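Trainee: Got a structure for you, written out below as structure tokens; questions coming shortly.
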Amino acid sequence: MTIGIIQQVADPSAVLARRNPVAKLGAALIFTVPLVSTLDPLTPAIALAVELAVLPLFGLRYPVLARRALPLVIASLGVLVTIVLFAADRSGRLLLELGPFDVTTGVLMSALALILRIFAVAVPGVIVFATTDPTDLADALVQNAKAPARFAIGALAAFRLLPLLGEEWQMITLARRARGVDAGRNPIAQVRLFVSTAFALLVGALRRGGRLAVAMDARGFDSGNARTFARKQVFTVADAVLISGAGVLAAATLTITVVAGAFRPIIG
Amino acid sequence: MSEVVLRGFGWRHAGRRAWAVRDVDLRIEHGERVLLLGPSGAGKSTLLAALAGLLPTDSGESAGTIEIDGLDPRKARERTGIVFQDPQTQLVMARSGDDVAFGLENRGVAAAQIWPRVSDALDRVGFPYPITRPTAALSGGEAQRLALAGVLALRPGLLLLDEPTANLDPAGADLVRDAITRSRDDSSLIIVEHRVAEALPLVDRVVVLEPGGGIRADGAPEVVFAAYGDQLAAEGVWVPGFSIPPLKSALPASEALVVADEVAVAKRLAPVSMSVGGGEVLAVTGPNGAGKSTLALTLGGLLPPTNGHISAFDEAKPPHKWRATTLTQRIGSVFQNPEHQFVTHRVADELALGPRRVGRPVDEVRETVDRLLDRLRLTRLAAANPYTLSGGEARRLSVATALATAPRVLVLDEPTFGQDRRTWIELVTLLATLRDEGHAVVAVTHDDAFVQALADRTFALGSSRLHDPLPQRGGRRHS
């Protein structure tokens, strides 16, 4: 149903789920810094292990995470195929010959490193958004991170209209069939129909967005007054501890990688 | 409580040749309640937008003056509040209470005062749920009540309502009118509403705009309607007391063209069995959530049923498995929102699309297009972009596109929804003619007048909701 996107799937009383949304987002960003600074497989492996270990503190259950991370599995398969086909580095022991493609330990290590990185970078994001109400996030961005309200609240309002797009897409598709427009099995006709349906969807979305913007301004959104906050978001010591903790863990991860001699910087 | 003064006011949208509204001289005293009328295109909504201060100076050209309590409306925004037609595009927040608080936050109301004012506004409109109720789980009428509460919380001296019930079914419209009545205070009110009879209890004065400019009539409702009732009715305004003669079929229905046998759609439609024959108008009625639109899509061969079977035109294959070109020559569907069905960029192309796709020769296509343009009063608009049409024009075009491939069965979803009296009469007359020519017409409708005027048979869908919209969520911390 339309409400699906904003439904929380985590226990909101868990010790870290209760933290300020900005703190959670900041911690997630800091924790992923090592992952975008090195190419080795060890760093993402450690990071992923840490992420899975702290999951219960966010009130998230593992099956829920698995369901949310399903698209990543599909992305990983894509990575595996791409690397097996196109990897330049074919060093290491030959494991398998797939026609012209040599699958070596080196190839598999590259693929593994990349797949681990995809998961390690994405999982913190999954955790943050599964444990954070979008309204709370927008409030905290404005109140604690001093983000412009026009941006944060505007994005929140647009976000509320997103689920409508799914229903809209179905209606437009059915309406086109009613007009005698279908693509049958012709792939070119299918692409053209897709593009024209998407265009109709876009036109409708723009009009709705415009009407919403006018209605928001009519209630003083563009008044330029200093806004007050109906819902107070507080940034506490515990929130600062969460961010520092993420920094410490990130540093520890990098240290282990360097000491183990696996560090392969992206730059240089 | 605000006072409104217009002197020779006019507004022309940038890039348009004609003035949307002009030469308006009008004075509305503190606490007056005014119904603003006029045929479609007379500039009622533009006038409300101007009063709400929502016409930026660079978006058009103005003439004369417009003042609220002596101020330019753009500077008097804190004194006005406006509610629009569409509830979906007025709600900002995910939870009901937060949405009412949104305007108060924008105005910089102290945090300690916000929640008491939210509860007060929700009480005034009779909002029945806790403040944590997700806005996505509200019906149209409930959402519009919430939108009204969001405006009332700001305590405007002038309340502007731009067809607040036009997008709602009768039950939802009642909810909103009831809320307007309940919340009545000493603020001034201007309401645009084409269902005049329902709006009259809310007002004490009627102002009629003249389409070419100026004001045609102004005064107490009885006086205005006694003098101008005929003219307004002819122009499409729903003036109370002007009834429409019924157009029932003289002959019994012919053989069944579409038969539904225990047809159901998971989560949307409980099993139904029914049929429709040539030469009859079947009205499908029932409350919101009963699955009327789903039934229309299924009968129209657009949505496959998850259970049961539909047979049509003595063919073994059910309609949803037919090619689209076969379907359009047998069953035509007209959607509630006409814009969903527009595919091209010109009205004439829109009409030619169907006949072209089914392979009709060029001169036959041209002949069909010309005939339909004429029949539905669209000739003047042949080169216009369908997305720029008014509500009534878009509706006529969507019906015409369905007729272009000459289907024997026509399925329409809320064909008269939001239409002015003139378009309404045209549609009813057209559908009656089609029926008398032997077509089968199925119309999903909430419109009692439509059923009484035209329906030969009524099929009422059950009231049992198939799914509750949403379980209540537990209380959250802010209250």
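Residue numbers start at 1 in each chain; chains themselves are named A, B, ... in the order of the structure tokens; ligands are numbered from 1 in the order shown.
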Which polymer residues have any atom within 8 Å of an atom of range 393-398 of chain B, counting only C-alpha atoms, with same-chain residues fewer than 3 positions away left out, as a ChimeraX atom specification?
Mentor: /B:334-335,338-339,341-342,347,351,376,378,386-387,389-390,401-402,415,423,427
Trainee: Considering only C-alpha atoms, tabulate each residue of chain B that lies at most 6 Å from chain A along with its nearest interatomic pair and the corresponding distance in Å to one decimal; arrange the rows by chain and ascending residue number and present them as CSV.
Mentor:
```
residue,atom,partner,partner_atom,distance
B:Thr89,CA,A:Leu212,CA,4.6
B:Gln90,CA,A:Ala215,CA,5.5
B:Val92,CA,A:Ala157,CA,5.0
B:Gly103,CA,A:Arg219,CA,5.0
B:Glu105,CA,A:Thr228,CA,4.7
B:Asn106,CA,A:Arg227,CA,5.0
B:Gly108,CA,A:Arg227,CA,4.7
B:Ala111,CA,A:Ala230,CA,5.4
B:Leu302,CA,A:Leu174,CA,5.8
B:Ala324,CA,A:Gly180,CA,4.5
B:Thr325,CA,A:Gly180,CA,4.7
B:Thr328,CA,A:Gly180,CA,5.6
B:Ser333,CA,A:Ala178,CA,5.8
B:His340,CA,A:Ile172,CA,5.1
B:Gln341,CA,A:Ala175,CA,5.1
B:Gly354,CA,A:Gly180,CA,6.0
```
Trainee: Find the residues near Leu148 in chain B: any atom within 12 Å, counting only C-alpha atoms, skip ones fewer than 6 places away on the same chain, and give them as a compact mmCIF listing (two decimals) with N, CA, C and O atoms, in the first residue's frame.
Mentor:
```txt
# COMPACT_ATOMS: atom_id res chain seq x y z
N ALA A 215 0.11 25.26 -2.62
CA ALA A 215 -0.63 25.06 -1.36
C ALA A 215 0.29 25.28 -0.16
O ALA A 215 -0.13 25.82 0.87
N ARG A 219 0.26 28.47 2.83
CA ARG A 219 0.31 28.33 4.29
C ARG A 219 1.60 28.91 4.85
O ARG A 219 2.07 28.51 5.91
N GLY B 81 -6.56 32.59 4.18
CA GLY B 81 -6.28 31.16 4.10
C GLY B 81 -7.06 30.61 2.94
O GLY B 81 -8.18 31.05 2.69
N ILE B 82 -6.47 29.67 2.19
CA ILE B 82 -7.18 29.14 1.03
C ILE B 82 -7.15 27.62 1.02
O ILE B 82 -6.13 27.01 1.36
N VAL B 83 -8.29 27.01 0.69
CA VAL B 83 -8.39 25.56 0.53
C VAL B 83 -8.70 25.29 -0.93
O VAL B 83 -9.60 25.90 -1.50
N PHE B 84 -7.91 24.39 -1.55
CA PHE B 84 -8.09 24.07 -2.97
C PHE B 84 -8.92 22.80 -3.16
O PHE B 84 -9.32 22.16 -2.20
N GLN B 85 -9.10 22.44 -4.46
CA GLN B 85 -9.92 21.27 -4.80
C GLN B 85 -9.34 19.95 -4.35
O GLN B 85 -10.03 19.11 -3.81
N ASP B 86 -8.05 19.75 -4.65
CA ASP B 86 -7.50 18.41 -4.58
C ASP B 86 -6.83 18.15 -3.23
O ASP B 86 -5.81 18.74 -2.93
N PRO B 87 -7.41 17.27 -2.40
CA PRO B 87 -6.81 17.04 -1.09
C PRO B 87 -5.40 16.46 -1.18
O PRO B 87 -4.55 16.77 -0.35
N GLN B 90 -2.56 19.03 -1.14
CA GLN B 90 -2.53 20.07 -0.11
C GLN B 90 -1.90 19.60 1.17
O GLN B 90 -1.48 20.40 1.99
N LEU B 91 -1.87 18.27 1.35
CA LEU B 91 -1.30 17.75 2.58
C LEU B 91 0.20 17.60 2.40
O LEU B 91 0.67 17.12 1.38
N SER B 96 -1.27 13.44 10.51
CA SER B 96 -2.30 14.47 10.45
C SER B 96 -1.97 15.69 11.31
O SER B 96 -2.07 16.82 10.85
N ASP B 99 0.66 17.88 9.95
CA ASP B 99 0.24 18.66 8.80
C ASP B 99 -0.43 19.97 9.23
O ASP B 99 -0.20 21.01 8.63
N VAL B 100 -1.26 19.89 10.27
CA VAL B 100 -1.90 21.12 10.77
C VAL B 100 -0.83 22.05 11.35
O VAL B 100 -0.90 23.27 11.19
N GLY B 103 1.67 24.91 8.93
CA GLY B 103 1.46 26.33 8.70
C GLY B 103 1.86 27.17 9.91
O GLY B 103 2.41 28.26 9.77
N VAL B 118 -3.34 23.19 17.22
CA VAL B 118 -3.63 22.06 16.33
C VAL B 118 -4.87 21.33 16.81
O VAL B 118 -5.80 21.06 16.03
N ALA B 121 -8.03 23.35 16.13
CA ALA B 121 -8.44 23.35 14.72
C ALA B 121 -9.04 22.01 14.33
O ALA B 121 -10.05 21.95 13.62
N LEU B 122 -8.44 20.92 14.81
CA LEU B 122 -8.97 19.59 14.48
C LEU B 122 -10.36 19.40 15.08
O LEU B 122 -11.24 18.80 14.46
N ASP B 123 -10.56 19.92 16.30
CA ASP B 123 -11.89 19.85 16.91
C ASP B 123 -12.91 20.64 16.10
O ASP B 123 -14.03 20.19 15.90
N ARG B 124 -12.49 21.80 15.64
CA ARG B 124 -13.44 22.65 14.93
C ARG B 124 -13.96 22.01 13.65
O ARG B 124 -15.11 22.20 13.27
N VAL B 125 -13.10 21.23 12.95
CA VAL B 125 -13.59 20.60 11.72
C VAL B 125 -14.15 19.20 11.98
O VAL B 125 -14.58 18.52 11.06
N GLY B 126 -14.13 18.76 13.26
CA GLY B 126 -14.67 17.45 13.58
C GLY B 126 -13.81 16.32 13.04
O GLY B 126 -14.31 15.31 12.56
N PHE B 127 -12.49 16.48 13.13
CA PHE B 127 -11.59 15.42 12.67
C PHE B 127 -11.61 14.29 13.68
O PHE B 127 -11.32 14.50 14.86
N GLY B 141 -12.61 12.93 1.69
CA GLY B 141 -13.35 13.88 2.52
C GLY B 141 -12.62 14.19 3.82
O GLY B 141 -12.57 15.34 4.27
N GLU B 142 -12.02 13.14 4.40
CA GLU B 142 -11.27 13.34 5.65
C GLU B 142 -10.03 14.19 5.40
O GLU B 142 -9.69 15.07 6.20
N LEU B 154 -4.44 28.73 11.37
CA LEU B 154 -3.74 30.00 11.18
C LEU B 154 -4.64 31.19 11.48
O LEU B 154 -4.20 32.34 11.39
N ARG B 155 -5.91 30.93 11.79
CA ARG B 155 -6.89 31.97 12.14
C ARG B 155 -6.95 33.10 11.12
O ARG B 155 -6.70 34.27 11.44
N PRO B 156 -7.27 32.74 9.87
CA PRO B 156 -7.34 33.78 8.85
C PRO B 156 -8.58 34.66 9.05
O PRO B 156 -9.61 34.17 9.51
N LEU B 159 -11.39 33.60 4.72
CA LEU B 159 -11.23 32.21 4.31
C LEU B 159 -11.70 32.08 2.87
O LEU B 159 -12.82 32.47 2.53
N LEU B 160 -10.83 31.52 2.01
CA LEU B 160 -11.15 31.35 0.59
C LEU B 160 -11.25 29.86 0.31
O LEU B 160 -10.33 29.10 0.62
N LEU B 161 -12.37 29.43 -0.29
CA LEU B 161 -12.54 28.01 -0.59
C LEU B 161 -12.76 27.86 -2.09
O LEU B 161 -13.76 28.33 -2.62
N ASP B 162 -11.80 27.21 -2.77
CA ASP B 162 -11.88 27.06 -4.23
C ASP B 162 -12.40 25.68 -4.58
O ASP B 162 -11.64 24.72 -4.64
N PRO B 164 -14.05 23.35 -2.83
CA PRO B 164 -13.45 22.41 -1.88
C PRO B 164 -14.05 21.01 -1.94
O PRO B 164 -13.44 20.08 -1.42
N THR B 165 -15.21 20.84 -2.58
CA THR B 165 -15.80 19.50 -2.61
C THR B 165 -15.83 18.91 -4.02
O THR B 165 -16.36 17.83 -4.22
N LEU B 175 -19.09 15.61 4.42
CA LEU B 175 -18.14 15.76 5.53
C LEU B 175 -17.54 17.16 5.53
O LEU B 175 -17.42 17.81 6.57
N VAL B 176 -17.12 17.61 4.34
CA VAL B 176 -16.44 18.89 4.25
C VAL B 176 -17.40 20.05 4.51
O VAL B 176 -17.08 20.98 5.24
N ARG B 177 -18.61 19.98 3.93
CA ARG B 177 -19.57 21.06 4.17
C ARG B 177 -19.94 21.13 5.64
O ARG B 177 -20.05 22.21 6.23
N ASP B 178 -20.08 19.94 6.24
CA ASP B 178 -20.37 19.90 7.67
C ASP B 178 -19.24 20.57 8.46
O ASP B 178 -19.49 21.33 9.39
N ALA B 179 -18.00 20.30 8.04
CA ALA B 179 -16.85 20.90 8.73
C ALA B 179 -16.84 22.42 8.56
O ALA B 179 -16.52 23.15 9.50
N ILE B 180 -17.20 22.89 7.35
CA ILE B 180 -17.23 24.34 7.12
C ILE B 180 -18.29 24.98 8.02
O ILE B 180 -18.07 26.01 8.64
N THR B 181 -19.46 24.31 8.12
CA THR B 181 -20.52 24.83 8.97
C THR B 181 -20.09 24.86 10.44
O THR B 181 -20.27 25.85 11.14
N ARG B 182 -19.52 23.73 10.89
CA ARG B 182 -19.10 23.62 12.29
C ARG B 182 -18.09 24.68 12.67
O ARG B 182 -18.08 25.17 13.78
N SER B 183 -17.17 24.94 11.73
CA SER B 183 -16.04 25.79 12.09
C SER B 183 -16.37 27.26 11.94
O SER B 183 -15.53 28.12 12.12
N ARG B 184 -17.61 27.54 11.59
CA ARG B 184 -18.05 28.90 11.33
C ARG B 184 -17.66 29.85 12.47
O ARG B 184 -17.92 29.59 13.62
```
Trainee: Between CA of Ser249 in chain B and CA of Leu372 in chain B, what is the distance in Å, rounded to a tenth?
Mentor: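 Straight-line distance from CA of Ser249 in chain B to CA of Leu372 in chain B works out to 23.4 Å.
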Trainee: Pick from B:Ala137, B:Ala400, B:Val21, B:Ala234: nearest to Arg375 in chain B, with only C-alpha atoms counted?
Mentor: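 Checking each of B:Ala137, B:Ala400, B:Val21, B:Ala234 against Arg375 in chain B, counting only C-alpha atoms, the winner is B:Ala400.
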Trainee: If I take CA of Val272 in chain B and CA of Gly332 in chain B, how far is one from the other in Å, to one decimal?
Mentor: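 CA of Val272 in chain B sits 20.9 Å away from CA of Gly332 in chain B.
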Trainee: Please indicate the distance in Å from CA of Thr294 in chain B to CA of Ala270 in chain B, rounded to one decimal place.
Mentor: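 CA of Thr294 in chain B sits 10.2 Å away from CA of Ala270 in chain B.
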Trainee: Could you name the residues that touch range 233-249 of chain A at 12 Å or less, counting only C-alpha atoms, but leaving out those on the same chain fewer than 3 positions away, as a PyMOL selection string?
Mentor: (chain A and resi 15-34+43+46-51+54+57-58+124+135-146+228-230+252-256) or (chain B and resi 477-478)
Trainee: Would you please extract all strand (DSSP E) residues from range 280-399 of chain B, as assigned by DSSP on the backbone, and give them as a list in words?
Mentor: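 Put together, the selection reads Glu280, Val281, Leu282, Ala283, Val284, Thr285, Asn307, Gly308, His309, Ile310, Ser311, Ala312, Ile331, Gly332, Ser333 and Val334 of chain B.
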Trainee: Give me the residues within 7 Å of range 220-229 of chain B as an MDAnalysis selection string, counting only C-alpha atoms and dropping any in the same chain fewer than 6 places off.
Mentor: chainID B and resid 204:206 239
Trainee: Pull N, CA, C and O atoms from the residues just selected and write them as a PDB file, in the first residue's frame.
Mentor:
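Output file selection_1.pdb is given in full below:
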```pdb
ATOM      1  N   ASP B 204     -24.451  34.098   2.719  1.00  0.00           N
ATOM      2  CA  ASP B 204     -25.582  35.019   2.801  1.00  0.00           C
ATOM      3  C   ASP B 204     -25.611  35.980   1.613  1.00  0.00           C
ATOM      4  O   ASP B 204     -26.450  36.863   1.552  1.00  0.00           O
ATOM      5  N   ARG B 205     -24.670  35.797   0.685  1.00  0.00           N
ATOM      6  CA  ARG B 205     -24.628  36.707  -0.446  1.00  0.00           C
ATOM      7  C   ARG B 205     -24.075  35.952  -1.650  1.00  0.00           C
ATOM      8  O   ARG B 205     -23.209  35.089  -1.508  1.00  0.00           O
ATOM      9  N   VAL B 206     -24.586  36.273  -2.852  1.00  0.00           N
ATOM     10  CA  VAL B 206     -24.113  35.639  -4.074  1.00  0.00           C
ATOM     11  C   VAL B 206     -23.592  36.713  -5.017  1.00  0.00           C
ATOM     12  O   VAL B 206     -24.252  37.726  -5.235  1.00  0.00           O
ATOM     13  N   VAL B 239     -27.889  25.817 -10.949  1.00  0.00           N
ATOM     14  CA  VAL B 239     -28.824  26.631 -10.188  1.00  0.00           C
ATOM     15  C   VAL B 239     -29.894  25.720  -9.589  1.00  0.00           C
ATOM     16  O   VAL B 239     -30.422  24.853 -10.270  1.00  0.00           O
TER      17      VAL B 239
END
```
Trainee: Would you list the contacts of Leu112 in chain A as a ChimeraX atom specification, taking every protein, DNA or RNA residue within 12 Å and counting only C-alpha atoms, but skipping same-chain residues closer than 5 positions in sequence?
Mentor: /A:39-45,76-77,79-81,83-84,105-107,117-120
Trainee: Using only C-alpha atoms, which residues sit within 6 Å of Asp69 in chain B once same-chain residues fewer than 2 positions away are excluded, as a PyMOL selection string?
Mentor: chain B and resi 2-3+71
Trainee: Please give the complete set of residues from range 41-211 of chain A that DSSP, run on the backbone, assigns to alpha helix (DSSP H), formatted as a ChimeraX atom specification.
Mentor: /A:42-54,62-68,70-86,105-130,134-143,149-178,187-211
Trainee: Closest to Ala14 in chain A among A:Leu60, A:Ile188, A:Leu96, A:Ile267, using only C-alpha atoms?
Mentor: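 Of A:Leu60, A:Ile188, A:Leu96, A:Ile267, the one nearest Ala14 in chain A is A:Leu60, counting only C-alpha atoms.
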